[in-house]
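What follows is a single structure, written as structure tokens, with notes after it.
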Amino acid sequence: MESADSINKDWTNKVSNHLQVGGIETSVLDNGAGRGTRIAWLNTGAGLRYKIVLDRAMDIAEAFYNQHSLAWLSHGGITYPQPFSDKGIDWLRTFGGGLLTTCGLSHAGGPESDEHGDRGLHGLIGNSPAEIVSIKQPDLRKGDLEMSITGIIRETKPFGPNFELRRTISATLGKPEIRIKDEVTNRANTPAPHMLLYHFNFGWPLADEGTDILWNGKWHPRHGEENAKIFKEGNAFKKCPAPLEDHLGSGEEVVLVDVEADIFGDSICGLYNEKLGLAVSLKWKKEQLPWMANWQHWGKGEYVTGLEPSTHPLSGQAKAREDGTLIFIGPEETKTYELELNVLTEKEAIDEFVLQVNIS
């Protein structure tokens, strides 16, 4: 891939409007279950373009690199936000898949109920609209290639919790990347429990038979070794298989990974499809998100793997309280999370990425 600087020289005196090269364009869906939902298309000008769903926590739905789709989409796709779908597993009714679905901010995991309240699957934030506070476009005339969109998403009710998520999604024109910076602030006057999970969902053709699933760290099946069919020592569970009969309906498996970090404190994972010559890397700080889940659901017509950096090992709030790992954010305290996704197509870059994952 050419450097951003060389591309910039190519367009000098040839482009009237930055959108001819790349940038951010907002719109509103006008049909189907997502009617009325605000979106933003971000085009990096380097083959990577993706749809940010402003009314769903600024999560990311479709994502493409050139002609190749990267994300898995559920049958329902984007739906209008339903902030009260927070009982039991109702969250699944509005789960559109997409490249990223955010889970939290006070609970991530299965449905549960205790003296601290009732909590549905994966929390509330994914059904919460953003207040967009800024959009920055690239400026070709000034040689400023940065673009970003920032919004504020709230999980709040009287007496708490009262969380404010300030999310910025940014990219550099000419680079196939996504940068996410999240700042979670407790605006209440008492400490609040906090959990956060980034549910990245990859589908065909990136995820296909033979695609490598890349991560490294100590792992254990979510529901115990005795119940695991895929995640067993000696199995090729880091290769995408053909669709599986026993994954029809709700068949799936999840492994929890105490993910490794390099000397810089970065954890990295991703997928590599050798047939396409295409890899996606996902990087974050281990100290911010010490755990990762790998979800594998290889059903016919529902073929997906998820890579999910998180603050907790899908334990849910009750278990985290019990074992002392539940995070509490104090009044006006902020926790920051940063992730970076890159698309790789050059063999040298892919080889370096694969090696980095294997030795980190």
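Starting from 1 in every chain, residues are counted up; chains themselves are A, B, ... following the order of the structure tokens, and ligands are numbered from 1 as listed.
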Sort by chain and increasing residue number a table of all residues of range 10-75 of chain A within 8 Å of range 142-151 of chain A, each with its closest pair of atoms and their distance in Å to one decimal, counting only C-alpha atoms, and write it as CSV.
residue,atom,partner,partner_atom,distance
A:Gly23,CA,A:Met147,CA,6.7
A:Ile24,CA,A:Met147,CA,7.5
A:Met58,CA,A:Gly151,CA,7.6
Those residues with C-alpha atoms, as a compact mmCIF listing (two decimals), in the first residue's frame please?
# COMPACT_ATOMS: atom_id res chain seq x y z
CA GLY A 23 -14.17 11.15 4.44
CA ILE A 24 -17.30 10.92 6.58
CA MET A 58 -21.75 4.38 17.44
Would you please give, as a VMD selection string, all residues of range 264-354 of chain A that DSSP assigns to strand (DSSP E or B) based on the backbone? chain A and resid 266 to 273 278 to 285 291 to 299 302 to 310 327 to 329 334 to 344
Range 310-322 of chain A: which residues within 10 Å, counting only C-alpha atoms, same-chain residues fewer than 5 positions away excluded, as JSON, numbers by chain? {"A": [103, 104, 106, 107, 108, 109, 110, 111, 112, 113, 114, 115, 116, 117, 119, 120, 121, 122, 123, 193, 194, 195, 196, 197, 198, 199, 222, 254, 255, 256, 257, 258, 286, 287, 288, 289, 290, 291, 292, 293, 327]}
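Note that CA of Arg141 in chain A and CA of Gly22 in chain A are 13.8 Å apart.
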Can you list, as a list in words, every protein, DNA or RNA residue that comes within 9 Å of Glu274 in chain A when you count only C-alpha atoms, leaving out same-chain residues fewer than 6 positions away? Gly210, Thr211 and Asp212 of chain A
Pick the closest to Ala130 in chain A from A:Thr37, A:Asn235, A:Asn216, A:Ser170: which is it, counting only C-alpha atoms? A:Thr37
Residues at most 12 Å from Gln20 in chain A, counting only C-alpha atoms, excluding those fewer than 5 positions away in the same chain, as a VMD selection string? chain A and resid 11 14 to 15 25 43 to 45 138 140 173
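Interatomic distance, CA of Thr26 in chain A to CA of Leu42 in chain A: 8.8 Å.
Across the structure, CA of Ser74 in chain A and CA of Gly96 in chain A are spaced 5.0 Å apart.
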If you run DSSP on the backbone, which residues of range 99-327 of chain A are helix (DSSP H, G or I), as a VMD selection string? chain A and resid 125 to 127 225 to 227 245 to 247 316 to 323
Once you have the residues from the selection above, write them out as a PDB file, in the first residue's frame, restricted to C-alpha atoms.
ATOM      1  CA  ILE A 125     -25.287   0.588  26.015  1.00  0.00           C
ATOM      2  CA  GLY A 126     -25.709  -1.080  22.602  1.00  0.00           C
ATOM      3  CA  ASN A 127     -29.298   0.197  22.389  1.00  0.00           C
ATOM      4  CA  GLU A 225     -13.539 -28.707  29.294  1.00  0.00           C
ATOM      5  CA  GLU A 226     -16.041 -31.480  29.870  1.00  0.00           C
ATOM      6  CA  ASN A 227     -18.594 -29.635  27.691  1.00  0.00           C
ATOM      7  CA  GLU A 245     -24.401 -29.488  11.798  1.00  0.00           C
ATOM      8  CA  ASP A 246     -24.236 -29.224  15.585  1.00  0.00           C
ATOM      9  CA  HIS A 247     -24.133 -25.429  15.300  1.00  0.00           C
ATOM     10  CA  GLY A 316     -21.215 -11.033  34.617  1.00  0.00           C
ATOM     11  CA  GLN A 317     -21.564  -8.586  37.461  1.00  0.00           C
ATOM     12  CA  ALA A 318     -22.606 -11.080  40.145  1.00  0.00           C
ATOM     13  CA  LYS A 319     -19.608 -13.385  39.660  1.00  0.00           C
ATOM     14  CA  ALA A 320     -17.211 -10.437  39.458  1.00  0.00           C
ATOM     15  CA  ARG A 321     -18.592  -9.098  42.757  1.00  0.00           C
ATOM     16  CA  GLU A 322     -18.123 -12.498  44.328  1.00  0.00           C
ATOM     17  CA  ASP A 323     -14.509 -12.960  43.221  1.00  0.00           C
TER      18      ASP A 323
END
Can you pull out the residues contacting Ser85 in chain A? Cut-off 9 Å, using only C-alpha atoms, and skip same-chain residues under 4 positions away; I want them as a PyMOL selection string. chain A and resi 89-94+120+124+127
Using only C-alpha atoms, the best pick from A:Trp284, A:Trp41, A:Phe328, A:Phe64 as closest to Pro176 in chain A would be A:Phe64
Just want the 12 Å neighbourhood of Gln356 in chain A, counted on only C-alpha atoms, with same-chain residues fewer than 4 positions away dropped. Output as a ChimeraX atom specification. /A:214-216,260-263,266-270,281-283,349-352,360
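Of the residues under consideration (A:Asp118, A:Leu278, A:Gly203, A:Leu105), A:Asp118 shows the shortest atom-to-atom contact distance to Asp86 in chain A when counting only C-alpha atoms.
Distances from A:Gly97, A:Gly76, A:Pro191, A:Gly88 to Ile329 in chain A were compared using only C-alpha atoms, and the smallest one belongs to A:Pro191.
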Between A:Ala236, A:Leu307, A:Val343, A:Ala188, which has the minimum distance to Arg154 in chain A (counting only C-alpha atoms)? A:Ala188
